[in-house]
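S.K.: Before anything else, here's the structure in question.
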Amino acid sequence: MYPLRRNRRLRTTASVRRLVRETIITPDDFLVPLFVVEGRGVKEEILSMPGQYRLSLDNLEKEVKELWNMGLCAVLLFVKVPENLKDNKGAEALNEHGLMHRAIKAVKNSCPEMLVMTDVALDPYSSFGHDGIVMGGEVLNDETVELLAEMSVSHAKAGADFVAPSDMMDGRIGIIREALEDEELTNVGIMSYSAKYASGFYGPFRDALDSAPVDSAEIPKDKKTYQMDPANRFEAIKAVEMDIDEGADIVMVKPGLAYLDIVREIKNEIDVPLAVYQVSGEYAMLKAAAEKGWLDHDTVMMEQLTAIKRAGANIIASYFAKDAVRLLD
Ligand code: PBG
């Protein structure tokens, strides 16, 4: 008798497909990245990221209320720092009245239960567009880590629930954890960008914040001496394990779609929540193709988000969060 087992039986109707579906996207999966600028009433669309905006604090307050009402519960904040406040050491990053500090308070003021995570790295504050202090043609590690620890403490004091170091310096998780403990900020968590690759997919993000490395003979023109080589996998597992040993509460792989082999491999090894960042270039690619009518936006968006979760993500940082939740409704 040919064939007794027919795989298509479990695909015959929408109901049976629902019943056997293994991966389901919900609003709880998302961490929503938001870009903040100075000013009032500002809502500037980012050219290479249609549907994403730079928001002034008043509009940030409105946005987080809307997100909360849609069922989204966590945001990841990035600030666009005015050019005249940038320097090599990112001094503005420690200003307790700085934009990030006011943004954290604005979110908590508007929506106290919204979980706030903050980006910790020097690049938006750096006159060179690097994630650390530049000297002698190099991005310094240990000196940068000291600043990142101070920056983390200042974000935590302003009300951040988690700090998210995205810089890829060595040893920073341990030093940040110690600094938080010294200040008795014991409940403030660390989401570490542990396996962050030197990727071309960050282009639109650097447009959004005007934070690309500057073109000059004296400084590194890319981030390859600190972000990982896209060709490597052993290194990713090692980096994640080291960050967990140093006290990371959540670890991250970034970008998403092109690195799902890494996501699954790490997921199989670790026992802390794993975040995946579906980055700006991934967002831009689909928006552009959909605009041209070459891909169906919603179908491909859900397929990509599902693939990220199926690969092992417990948390997805994604610019598609609102689009996806609207579609789920
Ligand atoms: C900065 C930072 C970057 C992103 C998040 N934090 C850019 C970079 O490392 O150059 C990229 C996010 C995205 O592309 O959406 N430390």
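Quick note on naming: the chains in the structure tokens go A, B, ... in the order shown, residues restart at 1 in each chain, and ligands are numbered from 1 in order of appearance.
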Counting only C-alpha atoms and all ligand atoms, what are the residues, protein, DNA or RNA alike, that approach ligand 1 to within 7 Å? I want them as a ChimeraX atom specification.

M.R.: /A:119,121,123,131,166-167,201-206,212,278-281

S.K.: How about saving the chosen residues, C-alpha atoms kept, as a compact mmCIF listing (two decimals), in the first residue's frame?

M.R.:
```txt
# COMPACT_ATOMS: atom_id res chain seq x y z
CA ASP A 119 22.61 51.21 24.09
CA ALA A 121 28.82 52.32 23.28
CA ASP A 123 29.90 55.67 18.66
CA ASP A 131 32.65 52.52 19.72
CA SER A 166 27.06 47.01 21.87
CA ASP A 167 30.73 47.96 21.67
CA PHE A 201 23.92 45.43 7.32
CA TYR A 202 24.37 48.31 9.82
CA GLY A 203 24.49 50.98 7.10
CA PRO A 204 21.01 52.47 7.54
CA PHE A 205 21.45 52.63 11.34
CA ARG A 206 24.59 54.71 10.91
CA ALA A 212 29.56 56.01 10.77
CA GLN A 278 17.29 41.91 13.08
CA VAL A 279 19.26 44.98 12.06
CA SER A 280 18.60 48.09 10.01
CA GLY A 281 19.91 46.66 6.71
```

S.K.: Could you pull out the helix (DSSP H, G or I) residues of range 212-243 of chain A, going by DSSP on the backbone, and write them as a list in words?

M.R.: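 Of range 212-243 of chain A, the ones in helix (DSSP H, G or I) are Phe234, Glu235, Ala236, Ile237, Lys238, Ala239, Val240, Glu241, Met242 and Asp243 of chain A.
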
S.K.: Please tabulate, as JSON lines, the residues of range 271-314 of chain A that come within 12 Å of range 49-72 of chain A, each with its closest pair of atoms and the distance in Å to one decimal, counting only C-alpha atoms and ordering rows by chain, then residue number upward.

M.R.:
```
{"residue": "A:Val279", "atom": "CA", "partner": "A:Met49", "partner_atom": "CA", "distance": 10.6}
{"residue": "A:Ser280", "atom": "CA", "partner": "A:Met49", "partner_atom": "CA", "distance": 7.1}
{"residue": "A:Gly281", "atom": "CA", "partner": "A:Met49", "partner_atom": "CA", "distance": 8.3}
{"residue": "A:Glu282", "atom": "CA", "partner": "A:Met49", "partner_atom": "CA", "distance": 9.9}
{"residue": "A:Tyr283", "atom": "CA", "partner": "A:Met49", "partner_atom": "CA", "distance": 7.0}
{"residue": "A:Ala284", "atom": "CA", "partner": "A:Met49", "partner_atom": "CA", "distance": 5.4}
{"residue": "A:Met285", "atom": "CA", "partner": "A:Met49", "partner_atom": "CA", "distance": 9.1}
{"residue": "A:Leu286", "atom": "CA", "partner": "A:Met49", "partner_atom": "CA", "distance": 10.0}
{"residue": "A:Lys287", "atom": "CA", "partner": "A:Pro50", "partner_atom": "CA", "distance": 6.9}
{"residue": "A:Ala288", "atom": "CA", "partner": "A:Pro50", "partner_atom": "CA", "distance": 8.6}
{"residue": "A:Ala289", "atom": "CA", "partner": "A:Pro50", "partner_atom": "CA", "distance": 11.9}
{"residue": "A:Ala290", "atom": "CA", "partner": "A:Pro50", "partner_atom": "CA", "distance": 11.2}
{"residue": "A:Glu291", "atom": "CA", "partner": "A:Pro50", "partner_atom": "CA", "distance": 9.8}
```

S.K.: Using C-alpha atoms, can you write the selected residues to a file as a compact mmCIF listing (two decimals), in the first residue's frame?

M.R.:
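Final file, selection-v9.txt:
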```txt
# COMPACT_ATOMS: atom_id res chain seq x y z
CA VAL A 279 19.26 44.98 12.06
CA SER A 280 18.60 48.09 10.01
CA GLY A 281 19.91 46.66 6.71
CA GLU A 282 17.63 43.65 6.98
CA TYR A 283 14.71 46.01 7.50
CA ALA A 284 15.78 48.29 4.64
CA MET A 285 16.16 45.40 2.17
CA LEU A 286 12.62 44.18 2.63
CA LYS A 287 11.10 47.66 2.66
CA ALA A 288 12.88 48.47 -0.61
CA ALA A 289 11.93 45.22 -2.33
CA ALA A 290 8.31 45.55 -1.18
CA GLU A 291 8.19 49.15 -2.41
```

S.K.: Of the residues A:Ile175, A:Val272, A:Val153, A:Leu34, which is the one nearest to Ala74 in chain A, using only C-alpha atoms?

M.R.: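 The answer is A:Leu34, which sits nearest to Ala74 in chain A.
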
S.K.: Would you work out the distance separating CA of Asn109 in chain A from CA of Ala156 in chain A, expressed in Å to one decimal?

M.R.: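 Separation between CA of Asn109 in chain A and CA of Ala156 in chain A: 15.3 Å.
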
S.K.: When you look at Val163 in chain A with a cut-off of 9 Å (counting only C-alpha atoms), what residues show up, excluding the ones that are within fewer than 4 positions of it in the same chain? I need them as a ChimeraX atom specification.

M.R.: /A:116-120,152-153,155-156,188-192

S.K.: Using only C-alpha atoms, pick whichever of A:Lys221, A:Lys196, A:Arg264, A:Lys157 has the shortest atom-to-atom distance to Gly137 in chain A.

M.R.: A:Lys221

S.K.: Would you mind listing what lies within 8 Å of range 300-306 of chain A as a ChimeraX atom specification, with only C-alpha atoms counted and same-chain residues fewer than 4 positions away left out?

M.R.: /A:23-25,257,286,295-296,310,316,320,324

S.K.: Residues at most 9 Å from Phe30 in chain A, counting only C-alpha atoms, excluding those fewer than 6 positions away in the same chain, as number ranges by chain?

M.R.: A: 72-75, 314-318, 321

S.K.: Separation of CA of Gly129 in chain A and CA of Glu241 in chain A, in Å?

M.R.: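 So the answer is 28.4 Å.
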
S.K.: Quick check for you: according to DSSP on this backbone, which residues of range 55-130 of chain A are classed as strand (DSSP E)? Reply as a VMD selection string.

M.R.: chain A and resid 55 74 to 79 115 to 120

S.K.: Which polymer residues have any atom within 12 Å of an atom of Glu96 in chain A, counting only C-alpha atoms, with same-chain residues fewer than 2 positions away left out, as a list in words?

M.R.: Ala91, Glu92, Ala93, Leu94, Gly98, Leu99, Met100, His101, Arg102, Ala103, Ile104, Lys105, Glu150, Met151, Ser152, Val153, Ser154, His155, Ala156, Lys157, Ala158 and Gly159 of chain A

S.K.: Separation of CA of Arg177 in chain A and CA of Pro255 in chain A, in Å?

M.R.: 24.7 Å
